Amino acid sequence: MTLLRSSPFAFLHLHSPTALTSKPQAHFPPPRPTTSSPPPSPSSPQRRHLFFSRPKPLLSRPLHAPPLLRCSAPSMSAESSPAHSQLKDSLVYSRAYWVSELIIAWNVDVGINGSLYLFASKNASLSLMEGEDAGLQGHDVKVKLEEDSYGLPQNVIEKFPHIRDYRAFKVPPGLDVKGLLKCQLAVAAFDFDGKCSSITGLQLPGVLDELFSYSGPLGAVFSSEAISLFLWAPTAQTVRACIYKDLSVGSPLEIVQLEETNGVWSTKGSKSWDGCYYVYEISVYHPSTLQIVKCLANDPYARGLSANGSRTLFVNLDSDILKPQGWDKLADEKPDVLSFSDISIYELNVRDFSASDYTVSNEFRGGYLAFTLQDSAGVCHLRKLSDAGITHLHLLPTFQFAGVDDEKEKWKSVDTEILEKFSPDSEEQQALITSIQNEDGYNWGYNPVFWGVPKGSYASNPNGSCRIVEFRRMVQALNHIGLRVVLDVVYNHLHGSGPSDENSILDKIVPGYYLRRNTDGFIEHSTCMNNTASEHFMVERLILDDLLHWVVDYKVDGFRFDLMGHIMKRTMMKAKHALCSLTKEGDGVDGSSVYIYGEGWDFGEVAKNGRGINASQCNLFGTRIGSFNDRIRDAILGGSPFGHPLQQGFITGLVLQPNDHDHGTAAGDMLAASKDHIQVGMAANLRDFVLTNCEGKEVKGSEVTTYDRSPVGYASHPTETVNYVSAHDNETLFDIISLKTPMGISVDERCRINHLATSIIALSQGIPFFHSGDEMLRSKSLDRDSYNSGDWFNRLDFTYNSNNWGVGLPPKEKNEKSWPLIKPRLADPLFKPQRSHILSAVENFSDLLRIRYSSPLFRLRTENAVQERVRFHNTGSSSIPGVIVMSIEDGHEGLPGLSQLDPIYSYVVVIINARPTEVSFTSPALRARTLVLHPVQLRSTDQVVKASTYDASTGCFVVPSRTTSVFVERRKF
């Protein structure tokens, strides 16, 4: 029978959920909402939901489409590609897609005389009948579907490119689709003789997007007389809110039934709820269990939490009691950034900053309040960096993440006095650390549970509103010492899924909607776990709402997107537009000053636009969104983080001072190519920048290619490139240099190489990015992935007494295969820098920043400015290996040609000598200029760089080994 719109579907009896069965687990991806009517508006509409327009309904008229663009990599889920199952197991899979109200897509051929039916069960009672009459039983609704010979409409294909070759089946008009979406659903194909040949469940993103997209208020909305709740849950059968007075009682103060209006559940409650906690109880069909389940879930729009996110806190972020003194005026007190080209970024973990800083009181260590101190060693160091030029502090994840208990009294630790007794190359340290690594206070935090609430373990009290106030105080304090704050956001995946995982939130509320699934219906895990699907309307909306919340409510100044390539480009562009729309007058912040950047890697199911145009490096041209430039990193250091650890690069001795690794007969070509890659990067990695390559040919940046023929240059603007040589991932800069350089060189030389690497980044066009501690020769004892290696391996010492080298063999799990390389290096006392080395490194790093900010020529603001002013010398097949010579030219006021940007310097020459010996370079083009060594380097404590010379009569430069020298031409006044 067909269920028409007139059918009283609301009267269907809904059974209480039963215990989970032992059936195979399946995971559903998120659907994408479209048109729907908002529920009744609250008297005081929630802010920051103003930047969304509903997508147009998907057309039912089919159009022909271009060839399918397939994903280039399979899902990494262990259950993503199960073997072909028997018919009786087919309900575990969701291989069909309900893509719009009137179309279901399935890659099945029913034949000329075959038939296809849609089945629905309100109580999740679908099961397969055995024998010759095999088919589905237990259904309340059975609807015949007819194939559409035109195939899928073009807009469906654009939305779901990975199923573009699927067949389209028409859903009869007049069907109560909204009611059916609350049921267990399946489609089954039958042969001409009525035998069932194929059965599968359905993925619902398209139809949910078309019928239930929503741009009204969500979460807890505060007005003068009430608190209202709004929850988007179109597939839920019932929703109740359990209100708790405090955390000391297990029984709710009251249980409130929410009412549904077109997929949005809402209720209006008392102002007395303020300061209370709540959780939702949701009855919903969950495809991973094939049952109607009762889930307890927190609010996806939570703005406050109890410890470990067990309950959602009712909290009004606009309340004056949650604002530090002067908070509302902070936008006017932020350090100036006239152009994004003036940005330089310093990456830091909140816990790393102070956990080992004994100048910080014990109760503040490892938390937000450590940043509010005036004279701790760490704050003094940040102030020093700010004074030298660093503009933005990038904080590793600070949202509520899994992996660290919020309640500090439950943490375990190892006595450092015990650890310090073991030898530098001992296995004992890592064994003790890893034995408690999931019970200590350390984790980088890339395990998102709640995107919109500060992490409780960094607060002095994880319950109540303490974390809100302390986070705001941290932002305010950093702004006051000249640093803007960047948050590391992880919208590409979630830590939990399913109906019972305590870290699962979104997948409990609308099962199968928020998480991206493969063509079998199982969750994609290419990002690590539980990939999210920003191509779905309400996922995108949640991301945009969250970004606006952090900027307006916490006044942060930028965002770094983890695995940004797994987010759709459209989402990123909407984010940029929404942020830019914020104003001091209307929102208390200047959104146009918020910089966004991220990891533009292209892999997994989204590769080559497999799920739509994604925010990968190659797609961000012209967006003014930054992406990390891995090309310059790999060329500088050698190889890649995934290659052989001894593979050398431009600064680590390739050809010029080889280690024991066999680089093959093409090592010379590799060195020449690495210089080309670095030069493109120093020219902001611009796609159209023209230079002379190692073969003596004039080429564009996009015509210089990597080993896999990808273009090195891909940017259209300097601020689209974030140049870096190290980050929290992989070994620290000093550690990777210690691995790749020959065993026999001195620690002095390794320190110079460390400085050489940072000099390339600091003096390049584009946005420079530095990992915390690079300026202090930071070591993690050669740990390649310290995300869970505790404070011991991640220790930062802002007193400059130690760089943390040689604190034991790094954790076995990620490093054991390299222990034979690591052990002799850690055991050799000559590898360990002394305090004098660290002090020199800090001073040299500060000098680089002072040089960068001494002239706007190092921070050119347009593509044309880079094209016209930046030149590379010492190029072509006869160039000196291991030497880069870059000039930047300025114009002169009142003279034709280039405009004048710098009132002090008219010409700059940067020479990078990566050779282990002094180099002499002569250039006719640079002859007869009045160049002198930069004043900062003349005053430097580095005596080596002071030996750099320039002879105007010959155009000859002499630069010491492993040194970057900057020469400037002063204007004649």
# chains A, B, ... in the order shown; residues from 1 in each chain; ligands from 1
$ select_by_dssp --residues "region 812-965 of chain A" --states "helix (DSSP H, G or I)" --output "ChimeraX atom specification"
/A:812-827,829-831,835-852,856-858,863-869,924-926,935-938,945-947
$ select_by_dssp --residues "region 307-529 of chain A" --states "strand (DSSP E)" --output "list in words"
Thr312, Leu313, Ile345, Tyr346, Glu347, Leu348, His392, Leu393, His394, Leu395, Phe399, Gln400, Phe401, Pro448, Val449, Phe450, Trp451, Gly452, Val453, Pro454, Arg484, Val485, Val486, Leu487, Asp488 and Val489 of chain A
$ write_last_selection --atoms "N, CA, C and O atoms" --output "short mmCIF file (atom, residue, chain, number, x, y, z; two decimals), in the first residue's frame"
data_model
loop_
_atom_site.label_atom_id
_atom_site.label_comp_id
_atom_site.auth_asym_id
_atom_site.auth_seq_id
_atom_site.Cartn_x
_atom_site.Cartn_y
_atom_site.Cartn_z
N THR A 312 24.89 19.29 29.11
CA THR A 312 25.00 20.63 28.52
C THR A 312 24.58 21.67 29.54
O THR A 312 23.57 21.50 30.24
N LEU A 313 25.34 22.73 29.63
CA LEU A 313 25.05 23.81 30.57
C LEU A 313 24.19 24.88 29.90
O LEU A 313 24.49 25.32 28.79
N ILE A 345 52.94 33.65 12.02
CA ILE A 345 52.20 32.76 12.91
C ILE A 345 53.15 31.90 13.74
O ILE A 345 54.12 31.35 13.21
N TYR A 346 52.83 31.77 15.02
CA TYR A 346 53.58 30.92 15.95
C TYR A 346 52.61 29.90 16.51
O TYR A 346 51.61 30.24 17.15
N GLU A 347 52.89 28.62 16.28
CA GLU A 347 51.99 27.53 16.66
C GLU A 347 52.35 26.97 18.03
O GLU A 347 53.51 26.66 18.29
N LEU A 348 51.35 26.80 18.90
CA LEU A 348 51.62 26.42 20.28
C LEU A 348 50.47 25.59 20.85
O LEU A 348 49.30 25.86 20.57
N HIS A 392 50.52 36.48 15.28
CA HIS A 392 49.42 35.57 15.60
C HIS A 392 49.92 34.34 16.35
O HIS A 392 50.90 33.71 15.93
N LEU A 393 49.22 34.00 17.42
CA LEU A 393 49.50 32.78 18.16
C LEU A 393 48.45 31.74 17.78
O LEU A 393 47.26 31.92 18.05
N HIS A 394 48.90 30.68 17.13
CA HIS A 394 48.01 29.58 16.72
C HIS A 394 47.99 28.55 17.83
O HIS A 394 49.01 27.93 18.14
N LEU A 395 46.82 28.34 18.42
CA LEU A 395 46.66 27.38 19.50
C LEU A 395 46.13 26.06 18.95
O LEU A 395 45.11 26.04 18.25
N PHE A 399 38.86 23.29 21.73
CA PHE A 399 37.46 22.90 21.93
C PHE A 399 37.41 21.65 22.81
O PHE A 399 38.45 21.06 23.15
N GLN A 400 36.21 21.22 23.17
CA GLN A 400 36.08 20.03 24.01
C GLN A 400 36.43 18.79 23.20
O GLN A 400 35.72 18.42 22.28
N PHE A 401 37.53 18.14 23.58
CA PHE A 401 37.98 16.96 22.85
C PHE A 401 38.10 15.77 23.80
O PHE A 401 38.15 15.92 25.02
N PRO A 448 37.69 15.68 18.26
CA PRO A 448 36.59 16.60 18.59
C PRO A 448 35.33 15.90 19.07
O PRO A 448 34.90 14.92 18.50
N VAL A 449 34.78 16.46 20.14
CA VAL A 449 33.48 16.01 20.65
C VAL A 449 32.47 17.15 20.53
O VAL A 449 31.40 16.99 19.97
N PHE A 450 32.83 18.32 21.08
CA PHE A 450 32.01 19.53 20.94
C PHE A 450 32.86 20.62 20.30
O PHE A 450 33.88 21.02 20.87
N TRP A 451 32.47 21.09 19.16
CA TRP A 451 33.24 22.14 18.49
C TRP A 451 33.12 23.49 19.18
O TRP A 451 34.04 24.31 19.09
N GLY A 452 32.02 23.76 19.85
CA GLY A 452 31.72 25.12 20.28
C GLY A 452 31.94 25.44 21.73
O GLY A 452 31.49 26.48 22.21
N VAL A 453 32.63 24.56 22.49
CA VAL A 453 32.86 24.80 23.92
C VAL A 453 34.35 24.63 24.23
O VAL A 453 34.96 23.66 23.79
N PRO A 454 34.95 25.55 24.99
CA PRO A 454 36.36 25.40 25.36
C PRO A 454 36.61 24.10 26.14
O PRO A 454 35.74 23.65 26.90
N ARG A 484 47.55 38.30 18.28
CA ARG A 484 46.20 37.85 17.94
C ARG A 484 46.14 36.32 18.08
O ARG A 484 47.17 35.66 18.05
N VAL A 485 44.93 35.79 18.22
CA VAL A 485 44.76 34.37 18.54
C VAL A 485 44.09 33.63 17.40
O VAL A 485 43.03 34.04 16.92
N VAL A 486 44.73 32.54 16.98
CA VAL A 486 44.19 31.65 15.96
C VAL A 486 43.78 30.33 16.63
O VAL A 486 44.56 29.77 17.41
N LEU A 487 42.60 29.85 16.31
CA LEU A 487 42.15 28.56 16.83
C LEU A 487 42.32 27.48 15.77
O LEU A 487 42.02 27.68 14.60
N ASP A 488 42.78 26.33 16.21
CA ASP A 488 42.90 25.15 15.36
C ASP A 488 41.54 24.44 15.40
O ASP A 488 41.13 23.93 16.44
N VAL A 489 40.82 24.43 14.29
CA VAL A 489 39.48 23.83 14.25
C VAL A 489 39.52 22.53 13.47
O VAL A 489 40.22 22.41 12.46
#
$ closest_residue --among "A:Arg795, A:His755, A:His577, A:Lys159" --to "Ser840 (chain A)" --atoms "only C-alpha atoms"
A:His755
$ closest_residue --among "A:Glu439, A:Gln429, A:Gly326, A:Phe734" --to "Asp415 (chain A)" --atoms "only C-alpha atoms"
A:Gln429
$ closest_atom_pairs --of "region 208-243 of chain A" --to "region 284-291 of chain A" --cutoff "8 Å" --atoms "only C-alpha atoms" --output "CSV"
residue,atom,partner,partner_atom,distance
A:Thr235,CA,A:Val284,CA,6.5
A:Ala236,CA,A:Val284,CA,4.6
A:Gln237,CA,A:Val284,CA,5.6
A:Thr238,CA,A:Val284,CA,7.4
$ atom_distance --atom1 "CA of Ile613 (chain A)" --atom2 "CA of Lys569 (chain A)"
5.9 Å
$ atom_distance --atom1 "CA of Ser213 (chain A)" --atom2 "CA of Val141 (chain A)"
25.3 Å
$ atom_distance --atom1 "CA of Phe212 (chain A)" --atom2 "CA of Glu259 (chain A)"
15.5 Å
$ residues_around --residues "region 478-482 of chain A" --least-positions-apart "3" --cutoff "7 Å" --atoms "only C-alpha atoms" --output "PDB file with N, CA and C atoms, in the first residue's frame"
ATOM      1  N   LYS A 334      42.910  45.482  20.084  1.00  0.00           N
ATOM      2  CA  LYS A 334      43.699  44.435  19.440  1.00  0.00           C
ATOM      3  C   LYS A 334      44.887  45.029  18.700  1.00  0.00           C
ATOM      4  N   PRO A 335      45.978  44.280  18.637  1.00  0.00           N
ATOM      5  CA  PRO A 335      47.134  44.763  17.868  1.00  0.00           C
ATOM      6  C   PRO A 335      46.761  44.930  16.403  1.00  0.00           C
ATOM      7  N   PHE A 371      48.451  32.039  30.487  1.00  0.00           N
ATOM      8  CA  PHE A 371      48.702  33.104  29.515  1.00  0.00           C
ATOM      9  C   PHE A 371      48.394  34.483  30.085  1.00  0.00           C
ATOM     10  N   ARG A 383      56.238  37.603  24.731  1.00  0.00           N
ATOM     11  CA  ARG A 383      56.346  39.054  24.562  1.00  0.00           C
ATOM     12  C   ARG A 383      57.572  39.398  23.708  1.00  0.00           C
ATOM     13  N   SER A 386      56.638  38.679  20.159  1.00  0.00           N
ATOM     14  CA  SER A 386      55.712  39.708  19.690  1.00  0.00           C
ATOM     15  C   SER A 386      56.454  41.006  19.376  1.00  0.00           C
ATOM     16  N   THR A 391      52.853  37.996  14.950  1.00  0.00           N
ATOM     17  CA  THR A 391      51.558  38.677  15.088  1.00  0.00           C
ATOM     18  C   THR A 391      50.452  37.772  15.593  1.00  0.00           C
ATOM     19  N   MET A 474      42.297  34.575  28.600  1.00  0.00           N
ATOM     20  CA  MET A 474      43.481  34.198  27.831  1.00  0.00           C
ATOM     21  C   MET A 474      43.565  35.017  26.543  1.00  0.00           C
ATOM     22  N   VAL A 475      42.482  35.082  25.797  1.00  0.00           N
ATOM     23  CA  VAL A 475      42.471  35.842  24.544  1.00  0.00           C
ATOM     24  C   VAL A 475      42.804  37.298  24.811  1.00  0.00           C
TER      25      VAL A 475
END
$ residues_around --residues "region 100-105 of chain A" --least-positions-apart "5" --cutoff "7 Å" --atoms "only C-alpha atoms" --output "list in words"
Leu58, Ser60, Tyr166, Arg167, Ala168, Phe169, Lys170, Val171, Pro172, Pro173, Val177, Gly206, Val207 and Glu210 of chain A
$ residues_around --residues "Leu654 (chain A)" --least-positions-apart "4" --cutoff "9 Å" --atoms "only C-alpha atoms" --output "list in words"
Gly638, Gln647, Gln648, Gly649, Phe650, Pro658, Asn659, His663, Ala667, Gly668, Met670, Leu671, Thr741 and Gly882 of chain A
$ write_last_selection --atoms "N, CA and C atoms" --output "mmCIF file, in the first residue's frame"
data_model
loop_
_atom_site.group_PDB
_atom_site.id
_atom_site.type_symbol
_atom_site.label_atom_id
_atom_site.label_comp_id
_atom_site.auth_asym_id
_atom_site.auth_seq_id
_atom_site.Cartn_x
_atom_site.Cartn_y
_atom_site.Cartn_z
ATOM 1 N N GLY A 638 64.245 17.775 2.715
ATOM 2 C CA GLY A 638 64.534 16.569 1.953
ATOM 3 C C GLY A 638 63.466 15.512 2.141
ATOM 4 N N GLN A 647 66.644 10.813 4.053
ATOM 5 C CA GLN A 647 66.637 11.512 2.770
ATOM 6 C C GLN A 647 66.996 12.977 3.002
ATOM 7 N N GLN A 648 68.066 13.442 2.363
ATOM 8 C CA GLN A 648 68.528 14.811 2.581
ATOM 9 C C GLN A 648 67.887 15.791 1.609
ATOM 10 N N GLY A 649 67.954 17.046 1.972
ATOM 11 C CA GLY A 649 67.409 18.117 1.147
ATOM 12 C C GLY A 649 68.384 19.267 1.027
ATOM 13 N N PHE A 650 67.856 20.428 0.660
ATOM 14 C CA PHE A 650 68.681 21.590 0.317
ATOM 15 C C PHE A 650 69.588 22.012 1.460
ATOM 16 N N PRO A 658 77.024 14.624 2.151
ATOM 17 C CA PRO A 658 76.143 13.455 2.205
ATOM 18 C C PRO A 658 76.273 12.665 3.502
ATOM 19 N N ASN A 659 75.140 12.069 3.887
ATOM 20 C CA ASN A 659 75.139 11.134 5.004
ATOM 21 C C ASN A 659 75.310 9.715 4.453
ATOM 22 N N HIS A 663 71.443 8.118 -2.043
ATOM 23 C CA HIS A 663 70.511 8.992 -2.740
ATOM 24 C C HIS A 663 70.472 8.741 -4.237
ATOM 25 N N ALA A 667 71.138 12.522 -7.441
ATOM 26 C CA ALA A 667 71.144 13.422 -6.288
ATOM 27 C C ALA A 667 71.393 14.872 -6.696
ATOM 28 N N GLY A 668 72.287 15.078 -7.672
ATOM 29 C CA GLY A 668 72.552 16.443 -8.127
ATOM 30 C C GLY A 668 71.327 17.091 -8.723
ATOM 31 N N MET A 670 68.305 16.321 -7.941
ATOM 32 C CA MET A 670 67.387 16.545 -6.822
ATOM 33 C C MET A 670 67.722 17.843 -6.100
ATOM 34 N N LEU A 671 69.006 18.109 -5.927
ATOM 35 C CA LEU A 671 69.416 19.346 -5.264
ATOM 36 C C LEU A 671 69.007 20.558 -6.094
ATOM 37 N N THR A 741 71.311 15.075 8.764
ATOM 38 C CA THR A 741 72.693 15.507 8.556
ATOM 39 C C THR A 741 73.658 14.379 8.946
ATOM 40 N N GLY A 882 73.438 24.824 -4.036
ATOM 41 C CA GLY A 882 73.257 25.101 -2.613
ATOM 42 C C GLY A 882 73.227 26.566 -2.255
#
